[in-house]
Amino acid sequence: MQGFEVLVEERVATELGPNIEAVDLLEIGARCDLAIVVGGDGNMLGAARVLARFDLGVIGVNRGNLGFLTDLPPDAFEEALAKVLDGEFDTEHRFLLEAEVYRHGMLKASNTAVNEAVLHPGKIAHMIEFEVYIDDQFMYSQRADGMIVSTPTGSTAYALSAGGAILTPNLQALILVPMFPHTLSCRPIVVDACSTIKMVVSPENGENLEVSCDGHVHLAVLPGDEIIVRRSSERLRLIHPKGHNYFHVLRTKLGWGSKLF
């Protein structure tokens, strides 16, 4: 026994039986020094959007498919976690995005994202028209199925599937990846993380549009709306076991070749 006070998220606590202090995520953020998230990257993203506002470390036990954000293997996590609890760990900060939807100059909805904010049609995929501005400078107009605005953390997620580049986590940058653009000349573009991204939806679009944050939170968008995406003031403090290597993670998760000599 190491004498730690343990709190359990209330939905998880129902599976573990009595004699457990069950609290919500906000109380975990306010009272804890370390949050242990068991699940896949989706679980980590959901927890991270809430916990990033608190200054606590977050570490993940991978129970999903890939696990870019969840370091610890489920069948052998005890030894690595024990070392973390003993103070042997590396710390890494990941910035978040804030996505806002404005209608006639009024803020209608907002939320944060760890991976990406995506403008796209609703339930049926179809081409939409919108303009993109970087720091209020017009960049281009688009006819596409949507636009992905991704952090370096999200560059190995949806953006990668859409043909975007991988950004190493220490980069202060955003990548914009058009989804199936109606032109062969349109390519992903990387901009400074301090940039403000504005997407103006054409008034001629259908009404069934939305902005998705990490694929979990959906903000309704109407024709003529403006979507602002910028770096959030919140940061996620990720905890890794000592010796964590990002390129080893890429090789393992993406099946890259090992060294030849």
# chains A, B, ... in the order shown; residues from 1 in each chain; ligands from 1

call {"tool": "select_by_dssp", "arguments": {"residues": "stretch 5-47 of chain A", "states": "helix (DSSP H, G or I)", "output": "ChimeraX atom specification"}}
result
/A:10-16,25-31,41-47

call {"tool": "residues_around", "arguments": {"residues": "A:His244", "least_positions_apart": "6", "cutoff": "9 Å", "atoms": "only C-alpha atoms", "output": "CSV table (one decimal) with N, CA and C atoms, in the first residue's frame"}}
result
chain,number,residue,atom,x,y,z
A,71,ASP,N,-0.6,5.0,-23.0
A,71,ASP,CA,0.7,4.4,-23.0
A,71,ASP,C,0.8,3.0,-22.5
A,89,PHE,N,8.6,9.5,-14.0
A,89,PHE,CA,7.8,9.7,-15.2
A,89,PHE,C,8.3,10.9,-16.0
A,90,ASP,N,7.8,11.0,-17.3
A,90,ASP,CA,8.1,12.2,-18.1
A,90,ASP,C,6.8,12.9,-18.3

call {"tool": "residues_around", "arguments": {"residues": "A:Ala193", "least_positions_apart": "4", "cutoff": "10 Å", "atoms": "only C-alpha atoms", "output": "PyMOL selection string"}}
result
chain A and resi 95+97+151-152+171-175+197+230-232

call {"tool": "write_last_selection", "arguments": {"atoms": "all heavy atoms", "output": "CSV table (one decimal), in the first residue's frame"}}
result
chain,number,residue,atom,x,y,z
A,95,PHE,N,-1.6,21.1,-26.4
A,95,PHE,CA,-2.6,22.2,-26.4
A,95,PHE,C,-3.9,21.7,-27.0
A,95,PHE,O,-3.9,20.7,-27.8
A,95,PHE,CB,-2.0,23.4,-27.1
A,95,PHE,CG,-1.9,23.3,-28.6
A,95,PHE,CD1,-2.9,23.5,-29.5
A,95,PHE,CD2,-0.6,23.0,-29.2
A,95,PHE,CE1,-2.8,23.4,-30.8
A,95,PHE,CE2,-0.4,23.0,-30.5
A,95,PHE,CZ,-1.5,23.2,-31.4
A,97,LEU,N,-7.8,22.8,-28.8
A,97,LEU,CA,-8.5,23.8,-29.7
A,97,LEU,C,-9.8,24.3,-29.1
A,97,LEU,O,-10.4,23.5,-28.3
A,97,LEU,CB,-8.8,23.2,-31.1
A,97,LEU,CG,-7.7,22.8,-32.0
A,97,LEU,CD1,-8.2,22.1,-33.2
A,97,LEU,CD2,-6.8,23.9,-32.3
A,151,THR,N,-4.9,19.6,-34.3
A,151,THR,CA,-3.7,19.8,-33.5
A,151,THR,C,-2.6,18.7,-33.9
A,151,THR,O,-2.9,17.8,-34.5
A,151,THR,CB,-4.0,19.7,-32.0
A,151,THR,OG1,-4.3,18.3,-31.7
A,151,THR,CG2,-5.1,20.6,-31.6
A,152,PRO,N,-1.4,18.9,-33.4
A,152,PRO,CA,-0.4,17.8,-33.6
A,152,PRO,C,-0.9,16.5,-33.0
A,152,PRO,O,-0.6,15.4,-33.5
A,152,PRO,CB,0.9,18.4,-32.9
A,152,PRO,CG,0.8,19.8,-33.0
A,152,PRO,CD,-0.7,20.1,-32.9
A,171,LEU,N,5.4,20.4,-31.7
A,171,LEU,CA,5.2,21.5,-32.7
A,171,LEU,C,4.1,22.4,-32.2
A,171,LEU,O,3.0,21.9,-31.8
A,171,LEU,CB,4.9,21.0,-34.1
A,171,LEU,CG,6.1,20.5,-34.9
A,171,LEU,CD1,5.6,20.0,-36.2
A,171,LEU,CD2,7.1,21.6,-35.2
A,172,GLN,N,4.3,23.7,-32.3
A,172,GLN,CA,3.2,24.7,-32.0
A,172,GLN,C,2.6,25.0,-33.4
A,172,GLN,O,2.9,26.1,-34.0
A,172,GLN,CB,3.7,25.9,-31.3
A,172,GLN,CG,4.3,25.6,-29.9
A,172,GLN,CD,3.3,25.0,-29.0
A,172,GLN,OE1,2.2,25.5,-28.7
A,172,GLN,NE2,3.6,23.8,-28.5
A,173,ALA,N,1.7,24.2,-33.9
A,173,ALA,CA,1.2,24.3,-35.3
A,173,ALA,C,-0.1,23.6,-35.4
A,173,ALA,O,-0.5,22.8,-34.5
A,173,ALA,CB,2.2,23.7,-36.3
A,174,LEU,N,-0.9,24.0,-36.4
A,174,LEU,CA,-2.2,23.4,-36.7
A,174,LEU,C,-2.1,23.0,-38.2
A,174,LEU,O,-1.4,23.6,-39.0
A,174,LEU,CB,-3.3,24.4,-36.6
A,174,LEU,CG,-3.5,25.1,-35.3
A,174,LEU,CD1,-4.6,26.2,-35.4
A,174,LEU,CD2,-4.0,24.1,-34.2
A,175,ILE,N,-2.8,21.9,-38.5
A,175,ILE,CA,-2.8,21.5,-39.9
A,175,ILE,C,-4.3,21.5,-40.4
A,175,ILE,O,-5.2,21.0,-39.6
A,175,ILE,CB,-2.2,20.1,-40.1
A,175,ILE,CG1,-2.2,19.7,-41.6
A,175,ILE,CG2,-2.9,19.0,-39.2
A,175,ILE,CD1,-1.4,18.5,-41.9
A,197,ILE,N,-8.3,30.6,-37.2
A,197,ILE,CA,-8.9,30.0,-38.4
A,197,ILE,C,-10.4,30.4,-38.4
A,197,ILE,O,-11.1,30.1,-37.5
A,197,ILE,CB,-8.8,28.5,-38.4
A,197,ILE,CG1,-7.4,28.0,-38.0
A,197,ILE,CG2,-9.2,27.9,-39.8
A,197,ILE,CD1,-6.3,28.5,-38.9
A,230,ARG,N,-9.4,28.3,-32.8
A,230,ARG,CA,-8.1,28.8,-32.4
A,230,ARG,C,-7.6,27.9,-31.2
A,230,ARG,O,-8.3,27.1,-30.7
A,230,ARG,CB,-8.2,30.2,-31.9
A,230,ARG,CG,-9.2,30.4,-30.7
A,230,ARG,CD,-9.2,31.8,-30.1
A,230,ARG,NE,-9.6,32.8,-31.0
A,230,ARG,CZ,-10.8,33.3,-31.1
A,230,ARG,NH1,-11.8,32.8,-30.3
A,230,ARG,NH2,-11.1,34.3,-32.0
A,231,ARG,N,-6.3,28.1,-30.9
A,231,ARG,CA,-5.7,27.4,-29.8
A,231,ARG,C,-6.3,27.8,-28.5
A,231,ARG,O,-6.5,29.0,-28.2
A,231,ARG,CB,-4.2,27.7,-29.7
A,231,ARG,CG,-3.5,26.9,-28.6
A,231,ARG,CD,-2.0,27.0,-28.7
A,231,ARG,NE,-1.5,28.3,-28.7
A,231,ARG,CZ,-0.2,28.7,-28.8
A,231,ARG,NH1,0.7,27.7,-29.0
A,231,ARG,NH2,0.2,29.9,-28.7
A,232,SER,N,-6.7,26.8,-27.7
A,232,SER,CA,-7.3,27.1,-26.4
A,232,SER,C,-6.2,27.5,-25.4
A,232,SER,O,-5.0,27.2,-25.5
A,232,SER,CB,-8.0,25.9,-25.9
A,232,SER,OG,-8.5,26.0,-24.6

call {"tool": "residues_around", "arguments": {"residues": "A:Ile134", "least_positions_apart": "5", "cutoff": "12 Å", "atoms": "only C-alpha atoms", "output": "PyMOL selection string"}}
result
chain A and resi 139-140+149+174-176+189-200+227-230

call {"tool": "atom_distance", "arguments": {"atom1": "atom CA of A:Leu81", "atom2": "atom CA of A:Met44"}}
result
16.6 Å

call {"tool": "closest_residue", "arguments": {"among": "A:Val217, A:Leu209, A:Ala157, A:Val12", "to": "A:Leu66", "atoms": "only C-alpha atoms"}}
result
A:Ala157

call {"tool": "closest_atom_pairs", "arguments": {"of": "stretch 88-109 of chain A", "to": "stretch 57-62 of chain A", "cutoff": "10 Å", "atoms": "only C-alpha atoms", "output": "CSV"}}
result
residue,atom,partner,partner_atom,distance
A:Thr91,CA,A:Gly57,CA,8.0
A:Glu92,CA,A:Gly57,CA,9.3
A:His93,CA,A:Gly57,CA,9.5

call {"tool": "select_by_dssp", "arguments": {"residues": "stretch 95-217 of chain A", "states": "strand (DSSP E)", "output": "ChimeraX atom specification"}}
result
/A:95-103,106-113,116-121,128-134,137-144,146-150,173-179,189-192,197-201,209-213,217

call {"tool": "write_last_selection", "arguments": {"atoms": "C-alpha atoms", "output": "PDB file, in the first residue's frame"}}
result
ATOM      1  CA  PHE A  95      -2.551  22.161 -26.407  1.00  0.00           C
ATOM      2  CA  LEU A  96      -6.280  22.035 -27.167  1.00  0.00           C
ATOM      3  CA  LEU A  97      -8.477  23.799 -29.699  1.00  0.00           C
ATOM      4  CA  GLU A  98     -11.490  25.978 -29.060  1.00  0.00           C
ATOM      5  CA  ALA A  99     -14.213  25.939 -31.708  1.00  0.00           C
ATOM      6  CA  GLU A 100     -16.926  28.624 -31.803  1.00  0.00           C
ATOM      7  CA  VAL A 101     -19.966  29.038 -34.048  1.00  0.00           C
ATOM      8  CA  TYR A 102     -21.165  32.612 -34.703  1.00  0.00           C
ATOM      9  CA  ARG A 103     -24.527  33.523 -36.256  1.00  0.00           C
ATOM     10  CA  MET A 106     -23.532  36.329 -31.972  1.00  0.00           C
ATOM     11  CA  LEU A 107     -21.837  33.320 -30.371  1.00  0.00           C
ATOM     12  CA  LYS A 108     -24.241  30.370 -30.653  1.00  0.00           C
ATOM     13  CA  ALA A 109     -22.128  27.396 -29.497  1.00  0.00           C
ATOM     14  CA  SER A 110     -18.584  26.486 -28.504  1.00  0.00           C
ATOM     15  CA  ASN A 111     -16.523  23.593 -27.218  1.00  0.00           C
ATOM     16  CA  THR A 112     -12.955  22.346 -26.961  1.00  0.00           C
ATOM     17  CA  ALA A 113     -11.122  19.595 -28.844  1.00  0.00           C
ATOM     18  CA  GLU A 116      -9.540  18.189 -34.167  1.00  0.00           C
ATOM     19  CA  ALA A 117     -12.506  20.382 -35.018  1.00  0.00           C
ATOM     20  CA  VAL A 118     -14.252  19.315 -38.222  1.00  0.00           C
ATOM     21  CA  LEU A 119     -16.734  21.245 -40.348  1.00  0.00           C
ATOM     22  CA  HIS A 120     -18.860  18.756 -42.274  1.00  0.00           C
ATOM     23  CA  PRO A 121     -22.393  17.962 -43.446  1.00  0.00           C
ATOM     24  CA  ILE A 128     -20.444  22.021 -49.116  1.00  0.00           C
ATOM     25  CA  GLU A 129     -19.126  25.483 -49.956  1.00  0.00           C
ATOM     26  CA  PHE A 130     -17.186  27.676 -47.556  1.00  0.00           C
ATOM     27  CA  GLU A 131     -14.380  30.212 -47.357  1.00  0.00           C
ATOM     28  CA  VAL A 132     -11.299  29.930 -45.169  1.00  0.00           C
ATOM     29  CA  TYR A 133      -9.477  32.865 -43.576  1.00  0.00           C
ATOM     30  CA  ILE A 134      -6.210  32.781 -41.594  1.00  0.00           C
ATOM     31  CA  GLN A 137      -6.677  37.095 -44.416  1.00  0.00           C
ATOM     32  CA  PHE A 138      -8.590  35.255 -47.127  1.00  0.00           C
ATOM     33  CA  MET A 139      -6.833  31.986 -48.005  1.00  0.00           C
ATOM     34  CA  TYR A 140      -9.230  30.196 -50.342  1.00  0.00           C
ATOM     35  CA  SER A 141     -12.782  29.126 -51.037  1.00  0.00           C
ATOM     36  CA  GLN A 142     -13.585  25.444 -50.903  1.00  0.00           C
ATOM     37  CA  ARG A 143     -16.020  23.032 -52.432  1.00  0.00           C
ATOM     38  CA  ALA A 144     -15.420  19.901 -50.393  1.00  0.00           C
ATOM     39  CA  GLY A 146     -15.645  19.430 -45.145  1.00  0.00           C
ATOM     40  CA  MET A 147     -12.509  20.701 -43.408  1.00  0.00           C
ATOM     41  CA  ILE A 148     -10.423  19.212 -40.607  1.00  0.00           C
ATOM     42  CA  VAL A 149      -8.511  21.604 -38.334  1.00  0.00           C
ATOM     43  CA  SER A 150      -6.165  19.427 -36.306  1.00  0.00           C
ATOM     44  CA  ALA A 173       1.217  24.298 -35.262  1.00  0.00           C
ATOM     45  CA  LEU A 174      -2.168  23.426 -36.743  1.00  0.00           C
ATOM     46  CA  ILE A 175      -2.847  21.458 -39.899  1.00  0.00           C
ATOM     47  CA  LEU A 176      -5.855  22.154 -42.140  1.00  0.00           C
ATOM     48  CA  VAL A 177      -6.914  19.133 -44.193  1.00  0.00           C
ATOM     49  CA  PRO A 178      -9.729  19.502 -46.764  1.00  0.00           C
ATOM     50  CA  MET A 179     -11.992  16.466 -47.009  1.00  0.00           C
ATOM     51  CA  ILE A 189      -1.523  23.269 -45.101  1.00  0.00           C
ATOM     52  CA  VAL A 190       0.286  23.764 -41.787  1.00  0.00           C
ATOM     53  CA  VAL A 191      -0.055  27.114 -40.006  1.00  0.00           C
ATOM     54  CA  ASP A 192       1.227  28.562 -36.745  1.00  0.00           C
ATOM     55  CA  ILE A 197      -8.901  29.999 -38.400  1.00  0.00           C
ATOM     56  CA  LYS A 198     -12.202  31.341 -39.696  1.00  0.00           C
ATOM     57  CA  MET A 199     -14.509  29.325 -41.941  1.00  0.00           C
ATOM     58  CA  VAL A 200     -17.495  31.138 -43.463  1.00  0.00           C
ATOM     59  CA  VAL A 201     -20.232  28.823 -44.678  1.00  0.00           C
ATOM     60  CA  LEU A 209     -24.183  21.132 -41.187  1.00  0.00           C
ATOM     61  CA  GLU A 210     -22.184  20.820 -37.983  1.00  0.00           C
ATOM     62  CA  VAL A 211     -18.799  21.198 -36.336  1.00  0.00           C
ATOM     63  CA  SER A 212     -17.577  18.096 -34.524  1.00  0.00           C
ATOM     64  CA  CYS A 213     -15.030  18.310 -31.709  1.00  0.00           C
ATOM     65  CA  VAL A 217     -19.379  16.982 -29.348  1.00  0.00           C
TER      66      VAL A 217
END

call {"tool": "residues_around", "arguments": {"residues": "A:Asn208", "least_positions_apart": "6", "cutoff": "9 Å", "atoms": "only C-alpha atoms", "output": "list in words"}}
result
Pro121, Gly122, Lys123, Ile124, Ala220, Val221, Leu222 and Pro223 of chain A

call {"tool": "closest_residue", "arguments": {"among": "A:Ala52, A:Leu34, A:Ile28, A:Leu45", "to": "A:Arg235", "atoms": "only C-alpha atoms"}}
result
A:Ala52
